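Listing of work-v9.tsv; format and content: TSV, C-alpha atoms.
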chain	number	residue	atom	x	y	z
Z	1	MET	CA	-36.60	-22.94	33.70
Z	2	ARG	CA	-35.95	-19.93	31.47
Z	3	PRO	CA	-33.73	-17.27	33.10
Z	4	SER	CA	-35.61	-14.12	34.06
Z	5	ARG	CA	-34.94	-10.94	32.10
Z	6	VAL	CA	-36.72	-8.76	34.66
Z	7	PRO	CA	-33.40	-7.53	36.17
Z	8	VAL	CA	-32.27	-6.46	32.69
Z	9	TRP	CA	-35.42	-4.43	32.07
Z	10	GLY	CA	-35.16	-3.02	35.59
Z	11	LEU	CA	-31.60	-1.79	35.05
Z	12	LEU	CA	-32.43	-0.38	31.62
Z	13	GLY	CA	-35.51	1.34	33.04
Z	14	SER	CA	-33.64	2.93	35.94
Z	15	THR	CA	-30.90	4.04	33.53
Z	16	ALA	CA	-33.47	5.64	31.23
Z	17	LEU	CA	-35.09	7.52	34.12
Z	18	SER	CA	-31.78	8.74	35.52
Z	19	VAL	CA	-30.29	9.79	32.16
Z	20	THR	CA	-33.50	11.55	31.12
Z	21	GLY	CA	-33.64	13.36	34.46
Z	22	ASN	CA	-30.08	14.61	34.05
Z	23	ALA	CA	-30.80	15.75	30.49
Z	24	ILE	CA	-33.82	17.75	31.70
Z	25	VAL	CA	-31.73	19.44	34.39
Z	26	SER	CA	-29.03	20.32	31.85
Z	27	VAL	CA	-31.65	22.17	29.76
Z	28	ALA	CA	-33.73	23.69	32.56
Z	29	MET	CA	-30.92	25.22	34.62
Z	30	PRO	CA	-29.32	27.46	31.95
Z	31	ILE	CA	-32.80	28.62	30.89
Z	32	LEU	CA	-33.66	29.38	34.52
Z	33	VAL	CA	-30.49	31.47	34.90
Z	34	LEU	CA	-31.12	33.29	31.61
Z	35	GLN	CA	-34.69	33.98	32.70
Z	36	ARG	CA	-33.58	35.48	36.00
Z	37	THR	CA	-30.35	37.27	35.05
Z	38	GLY	CA	-30.35	37.65	31.26
Z	39	SER	CA	-26.67	36.68	31.33
Z	40	ALA	CA	-25.44	34.11	28.80
Z	41	VAL	CA	-22.10	34.04	30.64
Z	42	LEU	CA	-23.75	32.96	33.88
Z	43	ALA	CA	-25.84	30.39	32.01
Z	44	GLY	CA	-22.59	28.97	30.60
Z	45	VAL	CA	-21.02	28.88	34.05
Z	46	VAL	CA	-24.00	26.91	35.39
Z	47	ALA	CA	-23.70	24.46	32.47
Z	48	ALA	CA	-19.98	24.04	33.23
Z	49	ALA	CA	-20.77	23.44	36.92
Z	50	ALA	CA	-22.92	20.49	35.85
Z	51	MET	CA	-20.08	18.94	33.83
Z	52	ALA	CA	-16.80	19.72	35.61
Z	53	PRO	CA	-17.31	17.56	38.75
Z	54	LEU	CA	-17.92	14.43	36.64
Z	55	VAL	CA	-14.21	13.92	35.96
Z	56	LEU	CA	-13.27	13.63	39.63
Z	57	SER	CA	-16.51	12.09	40.89
Z	58	ALA	CA	-16.17	9.21	38.41
Z	59	LEU	CA	-12.61	8.53	39.59
Z	60	PHE	CA	-13.22	8.80	43.33
Z	61	GLY	CA	-16.78	7.43	43.19
Z	62	GLY	CA	-15.66	4.12	41.68
Z	63	ALA	CA	-13.97	3.17	44.94
Z	64	LEU	CA	-17.21	3.88	46.81
Z	65	VAL	CA	-19.12	1.63	44.38
Z	66	ASP	CA	-16.76	-1.26	45.17
Z	67	ARG	CA	-16.91	-0.55	48.90
Z	68	PHE	CA	-20.67	-0.25	49.35
Z	69	GLY	CA	-21.89	-2.44	46.49
Z	70	ARG	CA	-23.06	-1.71	42.98
Z	71	ARG	CA	-26.82	-1.81	43.56
Z	72	ARG	CA	-26.64	0.13	46.83
Z	73	SER	CA	-24.41	2.79	45.22
Z	74	SER	CA	-26.78	3.20	42.27
Z	75	VAL	CA	-29.79	3.60	44.59
Z	76	ALA	CA	-27.93	6.08	46.82
Z	77	ALA	CA	-26.66	8.15	43.88
Z	78	ASP	CA	-30.17	8.59	42.47
Z	79	LEU	CA	-31.64	9.47	45.87
Z	80	LEU	CA	-28.90	12.03	46.53
Z	81	SER	CA	-29.35	13.50	43.04
Z	82	ALA	CA	-33.09	13.80	43.75
Z	83	ALA	CA	-32.33	15.60	47.02
Z	84	ALA	CA	-29.87	18.02	45.38
Z	85	VAL	CA	-32.37	18.92	42.65
Z	86	ALA	CA	-35.31	19.18	45.08
Z	87	ALA	CA	-33.28	21.62	47.19
Z	88	LEU	CA	-33.39	24.17	44.34
Z	89	PRO	CA	-37.18	24.82	44.24
Z	90	LEU	CA	-37.50	24.31	48.01
Z	91	LEU	CA	-34.87	26.95	48.80
Z	92	ASP	CA	-36.32	29.21	46.14
Z	93	MET	CA	-39.70	29.07	47.91
Z	94	THR	CA	-38.24	29.67	51.37
Z	95	LEU	CA	-34.86	31.39	51.70
Z	96	GLY	CA	-34.42	32.58	48.13
Z	97	LEU	CA	-32.02	31.28	45.53
Z	98	GLY	CA	-29.00	33.26	44.31
Z	99	ILE	CA	-26.50	32.30	41.63
Z	100	PRO	CA	-23.81	31.05	44.08
Z	101	LEU	CA	-26.28	28.67	45.69
Z	102	ILE	CA	-27.51	27.50	42.27
Z	103	LEU	CA	-23.92	26.78	41.23
Z	104	GLY	CA	-23.23	24.87	44.44
Z	105	LEU	CA	-26.32	22.68	44.19
Z	106	VAL	CA	-25.84	21.98	40.47
Z	107	ALA	CA	-22.22	20.97	41.12
Z	108	LEU	CA	-23.33	18.83	44.08
Z	109	GLY	CA	-25.83	17.00	41.92
Z	110	ALA	CA	-23.11	16.37	39.33
Z	111	VAL	CA	-20.87	14.89	42.03
Z	112	PHE	CA	-23.43	12.13	42.55
Z	113	ASP	CA	-23.71	11.47	38.80
Z	114	GLY	CA	-20.19	10.00	38.55
Z	115	PRO	CA	-20.69	7.14	41.05
Z	116	GLY	CA	-24.22	6.59	39.72
Z	117	MET	CA	-22.97	6.14	36.15
Z	118	ALA	CA	-20.18	3.81	37.29
Z	119	ALA	CA	-22.56	1.75	39.43
Z	120	ARG	CA	-25.12	1.28	36.66
Z	121	GLU	CA	-22.49	0.24	34.16
Z	122	ALA	CA	-20.89	-2.08	36.71
Z	123	LEU	CA	-24.29	-3.75	37.16
Z	124	ARG	CA	-24.51	-4.71	33.48
Z	125	PRO	CA	-22.39	-7.89	33.80
Z	126	ASP	CA	-24.45	-8.89	36.87
Z	127	VAL	CA	-27.80	-8.69	35.09
Z	128	ALA	CA	-26.29	-10.27	31.97
Z	129	ALA	CA	-25.19	-13.27	34.03
Z	130	LYS	CA	-28.58	-13.45	35.77
Z	131	ALA	CA	-30.45	-13.44	32.45
Z	132	LYS	CA	-27.80	-15.58	30.71
Z	133	LEU	CA	-27.46	-13.02	27.93
Z	134	PRO	CA	-24.25	-12.01	26.10
Z	135	LEU	CA	-22.49	-9.00	27.56
Z	136	GLU	CA	-22.42	-7.47	24.06
Z	137	LYS	CA	-26.22	-7.45	23.95
Z	138	ILE	CA	-26.63	-5.87	27.40
Z	139	ASN	CA	-24.12	-3.13	26.58
Z	140	SER	CA	-25.73	-2.54	23.20
Z	141	TRP	CA	-29.10	-2.03	24.89
Z	142	GLY	CA	-27.57	0.04	27.70
Z	143	GLU	CA	-25.81	2.47	25.36
Z	144	ALA	CA	-28.97	2.78	23.27
Z	145	VAL	CA	-30.98	3.64	26.38
Z	146	ASP	CA	-28.39	6.30	27.26
Z	147	GLY	CA	-28.91	7.76	23.81
Z	148	ILE	CA	-32.69	7.64	24.07
Z	149	GLY	CA	-32.57	9.47	27.40
Z	150	GLY	CA	-30.30	12.08	25.86
Z	151	VAL	CA	-32.82	12.67	23.05
Z	152	ALA	CA	-36.01	12.44	25.12
Z	153	GLY	CA	-34.75	14.61	27.98
Z	154	PRO	CA	-34.30	17.91	26.10
Z	155	GLY	CA	-37.58	17.43	24.23
Z	156	LEU	CA	-39.48	16.70	27.43
Z	157	ALA	CA	-37.73	19.63	29.12
Z	158	GLY	CA	-38.90	21.97	26.35
Z	159	VAL	CA	-42.52	20.88	26.76
Z	160	LEU	CA	-42.45	21.11	30.57
Z	161	ILE	CA	-40.68	24.48	30.62
Z	162	ALA	CA	-43.27	25.89	28.21
Z	163	ILE	CA	-46.14	24.65	30.39
Z	164	ILE	CA	-44.96	25.02	34.00
Z	165	GLY	CA	-41.68	26.98	33.83
Z	166	PRO	CA	-38.06	25.89	34.44
Z	167	MET	CA	-38.18	25.83	38.24
Z	168	ASN	CA	-41.27	23.61	38.43
Z	169	THR	CA	-39.79	21.39	35.72
Z	170	LEU	CA	-37.13	20.36	38.23
Z	171	TRP	CA	-39.79	18.45	40.21
Z	172	ALA	CA	-40.17	16.11	37.24
Z	173	THR	CA	-36.48	15.19	37.54
Z	174	VAL	CA	-36.84	14.63	41.27
Z	175	ILE	CA	-39.60	12.11	40.56
Z	176	MET	CA	-37.48	10.43	37.86
Z	177	PHE	CA	-34.46	10.04	40.14
Z	178	PHE	CA	-36.67	8.67	42.92
Z	179	LEU	CA	-38.36	6.16	40.61
Z	180	ALA	CA	-34.96	5.10	39.24
Z	181	SER	CA	-33.75	4.33	42.78
Z	182	VAL	CA	-36.93	2.39	43.59
Z	183	LEU	CA	-36.67	0.37	40.36
Z	184	THR	CA	-33.02	-0.51	41.00
Z	185	PHE	CA	-33.70	-1.47	44.62
Z	186	THR	CA	-36.71	-3.66	43.90
Z	187	VAL	CA	-35.80	-5.32	40.59
Z	188	VAL	CA	-32.02	-5.40	40.13
Z	189	PRO	CA	-30.45	-8.25	42.13
Z	190	SER	CA	-27.80	-7.70	44.77
Z	191	VAL	CA	-24.93	-9.95	43.70
Z	192	GLN	CA	-23.11	-11.72	46.49
Z	193	HIS	CA	-19.32	-11.89	46.63
Z	194	THR	CA	-18.20	-15.14	45.02
Z	195	GLY	CA	-14.58	-15.40	46.06
Z	196	GLY	CA	-14.97	-17.10	49.46
Z	197	GLU	CA	-14.50	-14.77	52.45
Z	198	ARG	CA	-15.00	-11.13	51.63
Z	199	PRO	CA	-11.63	-9.32	51.60
Z	200	ALA	CA	-10.90	-6.77	54.30
Z	201	VAL	CA	-11.87	-3.21	53.46
Z	202	GLU	CA	-8.75	-1.25	52.53
Z	203	PRO	CA	-8.20	2.45	53.25
Z	204	TYR	CA	-10.22	4.60	50.86
Z	205	TRP	CA	-7.32	6.45	49.20
Z	206	GLN	CA	-5.46	3.19	48.78
Z	207	SER	CA	-8.48	1.69	47.00
Z	208	VAL	CA	-8.69	4.69	44.65
Z	209	TRP	CA	-4.99	4.34	43.83
Z	210	GLN	CA	-5.38	0.58	43.34
Z	211	GLY	CA	-8.07	1.15	40.71
Z	212	LEU	CA	-5.99	3.77	38.89
Z	213	LYS	CA	-2.90	1.58	39.00
Z	214	PHE	CA	-4.75	-1.47	37.72
Z	215	VAL	CA	-6.21	0.43	34.76
Z	216	TRP	CA	-2.83	1.89	33.82
Z	217	THR	CA	-0.94	-1.41	34.06
Z	218	GLU	CA	-3.54	-3.58	32.28
Z	219	GLY	CA	-2.90	-3.06	28.56
Z	220	ALA	CA	-6.46	-3.32	27.24
Z	221	LEU	CA	-7.87	-1.04	29.94
Z	222	ARG	CA	-5.17	1.58	29.42
Z	223	ALA	CA	-5.75	1.49	25.67
Z	224	THR	CA	-9.53	1.76	26.20
Z	225	ALA	CA	-9.09	4.82	28.42
Z	226	LEU	CA	-6.70	6.54	26.00
Z	227	THR	CA	-8.90	5.76	23.00
Z	228	GLY	CA	-11.86	7.25	24.86
Z	229	MET	CA	-9.76	10.29	25.79
Z	230	LEU	CA	-8.86	10.96	22.14
Z	231	ILE	CA	-12.46	10.57	21.01
Z	232	VAL	CA	-13.75	12.92	23.72
Z	233	LEU	CA	-10.99	15.45	22.92
Z	234	PHE	CA	-12.10	15.84	19.32
Z	235	LEU	CA	-15.87	15.38	19.71
Z	236	THR	CA	-16.52	17.59	22.76
Z	237	PRO	CA	-16.93	20.86	20.81
Z	238	LEU	CA	-19.27	19.33	18.20
Z	239	SER	CA	-22.67	20.07	19.77
Z	240	SER	CA	-21.67	23.00	21.98
Z	241	VAL	CA	-19.63	25.09	19.51
Z	242	ILE	CA	-18.99	23.77	16.00
Z	243	MET	CA	-22.44	22.69	14.79
Z	244	PRO	CA	-24.25	25.76	16.22
Z	245	ALA	CA	-21.61	28.04	14.68
Z	246	MET	CA	-21.91	26.34	11.29
Z	247	MET	CA	-25.69	26.65	11.20
Z	248	PHE	CA	-25.56	30.25	12.48
Z	249	GLN	CA	-23.07	31.19	9.76
Z	250	ALA	CA	-25.34	29.54	7.18
Z	251	GLY	CA	-28.26	31.62	8.45
Z	252	LYS	CA	-30.11	28.57	9.78
Z	253	PRO	CA	-29.50	28.55	13.55
Z	254	GLU	CA	-32.96	27.12	14.24
Z	255	GLN	CA	-32.01	23.95	12.35
Z	256	THR	CA	-29.14	23.05	14.68
Z	257	GLY	CA	-31.38	20.92	16.87
Z	258	PHE	CA	-32.61	18.86	13.93
Z	259	VAL	CA	-29.06	17.96	12.89
Z	260	LEU	CA	-28.00	17.07	16.43
Z	261	ALA	CA	-31.17	14.98	16.83
Z	262	ALA	CA	-30.25	13.07	13.65
Z	263	PHE	CA	-26.85	12.31	15.21
Z	264	SER	CA	-28.57	10.94	18.30
Z	265	VAL	CA	-31.11	8.81	16.45
Z	266	GLY	CA	-28.37	7.30	14.30
Z	267	GLY	CA	-26.29	6.63	17.40
Z	268	ILE	CA	-29.16	4.82	19.12
Z	269	LEU	CA	-29.74	2.57	16.12
Z	270	GLY	CA	-25.98	1.98	15.76
Z	271	ALA	CA	-25.69	0.94	19.40
Z	272	LEU	CA	-28.65	-1.44	19.03
Z	273	GLY	CA	-27.13	-2.76	15.84
Z	274	TYR	CA	-24.01	-3.88	17.67
Z	275	SER	CA	-25.96	-6.68	19.36
Z	276	VAL	CA	-26.51	-8.08	15.84
Z	277	LEU	CA	-23.04	-7.22	14.48
Z	278	SER	CA	-21.37	-8.99	17.39
Z	279	ARG	CA	-22.69	-12.34	16.10
Z	280	PHE	CA	-20.89	-11.99	12.77
Z	281	ALA	CA	-17.87	-9.73	13.28
Z	282	GLY	CA	-15.06	-9.64	15.83
Z	283	ARG	CA	-14.79	-6.81	18.31
Z	284	ARG	CA	-11.58	-5.42	16.84
Z	285	VAL	CA	-13.07	-5.35	13.34
Z	286	VAL	CA	-16.18	-3.53	14.60
Z	287	LEU	CA	-14.08	-1.11	16.67
Z	288	LEU	CA	-11.71	-0.07	13.88
Z	289	THR	CA	-14.41	-0.01	11.19
Z	290	SER	CA	-16.65	2.15	13.36
Z	291	MET	CA	-13.85	4.62	14.14
Z	292	SER	CA	-12.66	4.83	10.52
Z	293	LEU	CA	-16.12	5.43	9.06
Z	294	THR	CA	-16.91	7.99	11.77
Z	295	ALA	CA	-13.77	9.96	10.91
Z	296	LEU	CA	-14.59	9.95	7.18
Z	297	ALA	CA	-18.20	10.97	7.85
Z	298	PHE	CA	-17.10	14.02	9.86
Z	299	LEU	CA	-14.88	15.14	7.00
Z	300	GLY	CA	-18.04	15.20	4.86
Z	301	PHE	CA	-19.52	17.98	7.02
Z	302	ALA	CA	-16.87	20.36	5.70
Z	303	LEU	CA	-18.38	20.14	2.21
Z	304	THR	CA	-22.00	21.28	2.65
Z	305	THR	CA	-24.47	23.33	4.69
Z	306	ASP	CA	-27.56	22.00	2.91
Z	307	LEU	CA	-29.98	20.79	5.59
Z	308	GLY	CA	-30.99	17.65	3.71
Z	309	TRP	CA	-27.43	16.47	3.27
Z	310	LEU	CA	-26.53	17.46	6.83
Z	311	LEU	CA	-29.38	15.36	8.20
Z	312	VAL	CA	-28.29	12.37	6.12
Z	313	LEU	CA	-24.65	12.84	7.13
Z	314	ALA	CA	-25.56	13.28	10.80
Z	315	PHE	CA	-27.72	10.16	10.85
Z	316	ALA	CA	-25.05	8.12	9.02
Z	317	THR	CA	-22.32	9.41	11.36
Z	318	GLY	CA	-24.31	8.44	14.44
Z	319	LEU	CA	-25.10	5.05	12.90
Z	320	VAL	CA	-21.45	4.11	12.25
Z	321	ASP	CA	-20.30	5.62	15.55
Z	322	GLY	CA	-23.00	3.82	17.59
Z	323	PRO	CA	-21.22	0.44	18.02
Z	324	LEU	CA	-18.08	2.07	19.42
Z	325	ALA	CA	-19.28	2.65	23.00
Z	326	PRO	CA	-20.68	-0.90	23.49
Z	327	VAL	CA	-17.43	-2.46	22.23
Z	328	LEU	CA	-15.28	-0.41	24.60
Z	329	ALA	CA	-17.71	-1.07	27.47
Z	330	VAL	CA	-17.49	-4.84	26.95
Z	331	VAL	CA	-13.68	-4.75	26.90
Z	332	MET	CA	-13.65	-2.65	30.07
Z	333	GLN	CA	-16.10	-4.85	31.98
Z	334	GLU	CA	-14.46	-8.14	31.00
Z	335	ARG	CA	-10.97	-7.00	32.01
Z	336	ALA	CA	-12.06	-5.74	35.43
Z	337	PRO	CA	-11.81	-8.13	38.39
Z	338	GLU	CA	-15.16	-8.31	40.16
Z	339	ALA	CA	-13.83	-6.65	43.31
Z	340	LEU	CA	-12.42	-3.73	41.27
Z	341	ARG	CA	-15.21	-3.30	38.72
Z	342	GLY	CA	-16.54	-0.01	40.08
Z	343	ARG	CA	-13.05	1.47	40.31
Z	344	VAL	CA	-12.06	0.30	36.84
Z	345	ILE	CA	-15.19	1.76	35.22
Z	346	GLY	CA	-14.91	4.98	37.21
Z	347	THR	CA	-11.22	5.38	36.40
Z	348	VAL	CA	-11.61	4.72	32.67
Z	349	THR	CA	-14.56	7.13	32.54
Z	350	SER	CA	-12.60	9.79	34.40
Z	351	LEU	CA	-9.52	9.45	32.18
Z	352	SER	CA	-11.73	9.72	29.09
Z	353	LEU	CA	-13.54	12.82	30.34
Z	354	VAL	CA	-10.37	14.61	31.41
Z	355	ALA	CA	-9.83	15.70	27.79
Z	356	SER	CA	-13.24	17.39	27.51
Z	357	PRO	CA	-12.17	20.85	28.80
Z	358	LEU	CA	-9.27	20.91	26.33
Z	359	GLY	CA	-11.56	19.88	23.48
Z	360	ALA	CA	-14.08	22.58	24.38
Z	361	GLY	CA	-11.27	25.13	24.60
Z	362	LEU	CA	-9.85	24.21	21.19
Z	363	GLY	CA	-13.18	24.23	19.37
Z	364	GLY	CA	-13.91	27.92	19.92
Z	365	PRO	CA	-10.63	29.35	18.52
Z	366	ILE	CA	-10.69	26.97	15.53
Z	367	VAL	CA	-14.22	28.11	14.61
Z	368	GLU	CA	-13.31	31.76	15.27
Z	369	TYR	CA	-10.17	31.90	13.14
Z	370	ALA	CA	-10.58	29.08	10.59
Z	371	GLY	CA	-14.34	28.66	10.29
Z	372	PRO	CA	-16.74	25.79	11.03
Z	373	SER	CA	-15.73	23.79	7.95
Z	374	MET	CA	-12.12	23.59	9.11
Z	375	ALA	CA	-13.37	22.67	12.57
Z	376	PHE	CA	-15.06	19.61	11.04
Z	377	VAL	CA	-11.77	18.79	9.32
Z	378	PHE	CA	-10.18	19.04	12.78
Z	379	ILE	CA	-12.71	16.52	14.13
Z	380	GLY	CA	-12.32	14.16	11.17
Z	381	VAL	CA	-8.51	14.18	11.25
Z	382	GLY	CA	-8.57	13.81	15.04
Z	383	CYS	CA	-10.84	10.76	14.78
Z	384	LEU	CA	-8.48	9.29	12.16
Z	385	LEU	CA	-5.56	9.77	14.58
Z	386	ALA	CA	-7.60	8.02	17.29
Z	387	THR	CA	-8.25	5.17	14.83
Z	388	VAL	CA	-4.53	4.85	14.07
Z	389	TYR	CA	-3.78	4.69	17.80
Z	390	ALA	CA	-6.47	2.02	18.36
Z	391	ALA	CA	-5.11	-0.01	15.42
Z	392	LEU	CA	-1.47	0.14	16.55
Z	393	THR	CA	-1.69	-0.11	20.34
Z	394	PRO	CA	-0.95	-3.64	21.60
Z	395	GLY	CA	-3.69	-3.30	24.24
Z	396	LEU	CA	-6.50	-3.51	21.66
Z	397	ARG	CA	-5.05	-6.25	19.47
Z	398	ARG	CA	-6.44	-9.16	21.49
Z	399	ILE	CA	-9.92	-8.25	22.72
Z	400	GLU	CA	-12.01	-11.19	21.55
Z	401	PRO	CA	-13.76	-13.39	24.18
Z	402	ALA	CA	-11.09	-16.09	23.89
Z	403	ASP	CA	-8.38	-13.52	24.73
Z	404	VAL	CA	-9.93	-12.41	28.03
Z	405	PRO	CA	-8.13	-13.66	31.16
Z	406	VAL	CA	-10.27	-15.21	33.90
Z	407	LEU	CA	-10.41	-12.57	36.65
Z	408	GLY	CA	-12.27	-13.09	39.89
Z	409	GLY	CA	-15.58	-14.37	38.64
Z	410	ASN	CA	-15.93	-12.24	35.53
Z	411	ARG	CA	-16.39	-15.03	33.04
As structure tokens, what does this structure read like?
Amino acid sequence: MRPSRVPVWGLLGSTALSVTGNAIVSVAMPILVLQRTGSAVLAGVVAAAAMAPLVLSALFGGALVDRFGRRRSSVAADLLSAAAVAALPLLDMTLGLGIPLILGLVALGAVFDGPGMAAREALRPDVAAKAKLPLEKINSWGEAVDGIGGVAGPGLAGVLIAIIGPMNTLWATVIMFFLASVLTFTVVPSVQHTGGERPAVEPYWQSVWQGLKFVWTEGALRATALTGMLIVLFLTPLSSVIMPAMMFQAGKPEQTGFVLAAFSVGGILGALGYSVLSRFAGRRVVLLTSMSLTALAFLGFALTTDLGWLLVLAFATGLVDGPLAPVLAVVMQERAPEALRGRVIGTVTSLSLVASPLGAGLGGPIVEYAGPSMAFVFIGVGCLLATVYAALTPGLRRIEPADVPVLGGNR
């Protein structure tokens, strides 16, 4: 009997709904604040409130994923996100909604995003095993769906905001989060513990520390986290500071969205392409080739502001960068013992994201004092440094399937 792929489509569907919902919120909330206060500073603070909690919630939420189960944690995270978003229009209709309350609820919703992201990624090996599909293929599809949600969300947000306004648009995200939880609960299987008797539940803080310690002492996981940290450090200011500044300086600010969309479309196709590349090329070859070509492509942005060339460059950059996330995800999932999978994914995600505030802080001064072209040189050289680290670190030298140790039911 052919293995069912329904759990795979269920997980991908719930991921698409959740990611798209978050993308809509990230667009609607700053516009709502601008509409009510006219303050770009406050709009920026609200945007930061949606991002800052992710670093800690990914770290501390991973332990909750392992404690309560991957499917249950994913369902709960989406339901709690729905409740946090629904509270905004409900309070606005009843008690009134000031900026402090908006900040609190946006931050609260972001707190649930960390465990939700970790739980969905931790479910990928489960549905891959159920469908008897390669982990490379599931991660390729999963990263592509993340990209599609990131592209579709802002576009859908723009249409909804134009028709029904930013506050009413939030109800669409509530529905998406609810449907994502229903899809996960009804279609994605709950995997039973396979190691005999279930181990005793350890104290929460001890379990968090155990996940952090395991990631830092396991060479491939530590190298994956540090590689991700370097990439995030140099790429964080791209869409928020450097590209908008470049297009504004060129007198074409309205074209910024087209260039960023080309990045995203290329990234989606690149992620999907990894499922094909993985049949012919080793993971290390794909990893280092992807990073090297991405670095060189970013250096090309320093040479032109012509929209046609920028669109080609952006698409090509996304295309060569696309396989990177699936490769790192496969390495991370394979090296994580089943009982620690949520903590490992949460910890690696948290360590990667911890560099984002520094990257955002560096991007502004570089653009201000050296110009957008030099900022792209900064990104390109930074990506080359990340490539050198990935090439030299012992942790990423042996990452092929035959090099993976057998850990608690992962294989």
Exercise: segment 218-223 of chain Z partners within 7 Å, all atoms listed in the file, chain neighbours under 3 positions left out, as a VMD selection string: chain Z and resid 214 to 215 226 to 227 332 393 395 to 396
Contacts of segment 79-89 of chain Z within 10 Å, all atoms listed in the file, excl. fewer than 5 positions in-chain, as a VMD selection string: chain Z and resid 18 21 to 22 25 73 to 74 94 96 to 97 101 to 102 104 to 113 116 166 to 182
File dump, residues just selected, C-alpha atoms, as a PDB file, keeping the file's coordinate frame:
ATOM      1  CA  SER Z  18     -31.780   8.740  35.520  1.00  0.00           C
ATOM      2  CA  GLY Z  21     -33.640  13.360  34.460  1.00  0.00           C
ATOM      3  CA  ASN Z  22     -30.080  14.610  34.050  1.00  0.00           C
ATOM      4  CA  VAL Z  25     -31.730  19.440  34.390  1.00  0.00           C
ATOM      5  CA  SER Z  73     -24.410   2.790  45.220  1.00  0.00           C
ATOM      6  CA  SER Z  74     -26.780   3.200  42.270  1.00  0.00           C
ATOM      7  CA  THR Z  94     -38.240  29.670  51.370  1.00  0.00           C
ATOM      8  CA  GLY Z  96     -34.420  32.580  48.130  1.00  0.00           C
ATOM      9  CA  LEU Z  97     -32.020  31.280  45.530  1.00  0.00           C
ATOM     10  CA  LEU Z 101     -26.280  28.670  45.690  1.00  0.00           C
ATOM     11  CA  ILE Z 102     -27.510  27.500  42.270  1.00  0.00           C
ATOM     12  CA  GLY Z 104     -23.230  24.870  44.440  1.00  0.00           C
ATOM     13  CA  LEU Z 105     -26.320  22.680  44.190  1.00  0.00           C
ATOM     14  CA  VAL Z 106     -25.840  21.980  40.470  1.00  0.00           C
ATOM     15  CA  ALA Z 107     -22.220  20.970  41.120  1.00  0.00           C
ATOM     16  CA  LEU Z 108     -23.330  18.830  44.080  1.00  0.00           C
ATOM     17  CA  GLY Z 109     -25.830  17.000  41.920  1.00  0.00           C
ATOM     18  CA  ALA Z 110     -23.110  16.370  39.330  1.00  0.00           C
ATOM     19  CA  VAL Z 111     -20.870  14.890  42.030  1.00  0.00           C
ATOM     20  CA  PHE Z 112     -23.430  12.130  42.550  1.00  0.00           C
ATOM     21  CA  ASP Z 113     -23.710  11.470  38.800  1.00  0.00           C
ATOM     22  CA  GLY Z 116     -24.220   6.590  39.720  1.00  0.00           C
ATOM     23  CA  PRO Z 166     -38.060  25.890  34.440  1.00  0.00           C
ATOM     24  CA  MET Z 167     -38.180  25.830  38.240  1.00  0.00           C
ATOM     25  CA  ASN Z 168     -41.270  23.610  38.430  1.00  0.00           C
ATOM     26  CA  THR Z 169     -39.790  21.390  35.720  1.00  0.00           C
ATOM     27  CA  LEU Z 170     -37.130  20.360  38.230  1.00  0.00           C
ATOM     28  CA  TRP Z 171     -39.790  18.450  40.210  1.00  0.00           C
ATOM     29  CA  ALA Z 172     -40.170  16.110  37.240  1.00  0.00           C
ATOM     30  CA  THR Z 173     -36.480  15.190  37.540  1.00  0.00           C
ATOM     31  CA  VAL Z 174     -36.840  14.630  41.270  1.00  0.00           C
ATOM     32  CA  ILE Z 175     -39.600  12.110  40.560  1.00  0.00           C
ATOM     33  CA  MET Z 176     -37.480  10.430  37.860  1.00  0.00           C
ATOM     34  CA  PHE Z 177     -34.460  10.040  40.140  1.00  0.00           C
ATOM     35  CA  PHE Z 178     -36.670   8.670  42.920  1.00  0.00           C
ATOM     36  CA  LEU Z 179     -38.360   6.160  40.610  1.00  0.00           C
ATOM     37  CA  ALA Z 180     -34.960   5.100  39.240  1.00  0.00           C
ATOM     38  CA  SER Z 181     -33.750   4.330  42.780  1.00  0.00           C
ATOM     39  CA  VAL Z 182     -36.930   2.390  43.590  1.00  0.00           C
TER      40      VAL Z 182
END
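Counting from atom CA of Val19 of chain Z, the distance to atom CA of Leu123 of chain Z is 15.6 Å.
Separating atom CA of Leu54 of chain Z from atom CA of Ala355 of chain Z is a distance of 12.1 Å.
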Between atom CA of Gly149 of chain Z and atom CA of Gly211 of chain Z, distance in Å (one decimal): 29.1 Å
Counting all atoms listed in the file, which residue out of Z:Gly153, Z:Pro134, Z:Gly142, Z:Gly114 sits closest to Ile24 of chain Z? Z:Gly153
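Remark: for Arg341 of chain Z, the closest of the candidate residues Z:Lys132, Z:Arg70, Z:Lys213, Z:Arg283 is Z:Arg70 (distances computed over all atoms listed in the file).
In this comparison, which uses all atoms listed in the file, the residue of Z:Val159, Z:Leu183, Z:Val65, Z:Met243 approaching Leu310 of chain Z most closely is Z:Met243.
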So which residues touch Thr294 of chain Z within 12 Å, counting all atoms listed in the file, skipping near sequence neighbours fewer than 3 positions away, as a PyMOL selection string? chain Z and resi 231+234-235+263+266-267+270+286-291+297-301+313-324+376+379-387
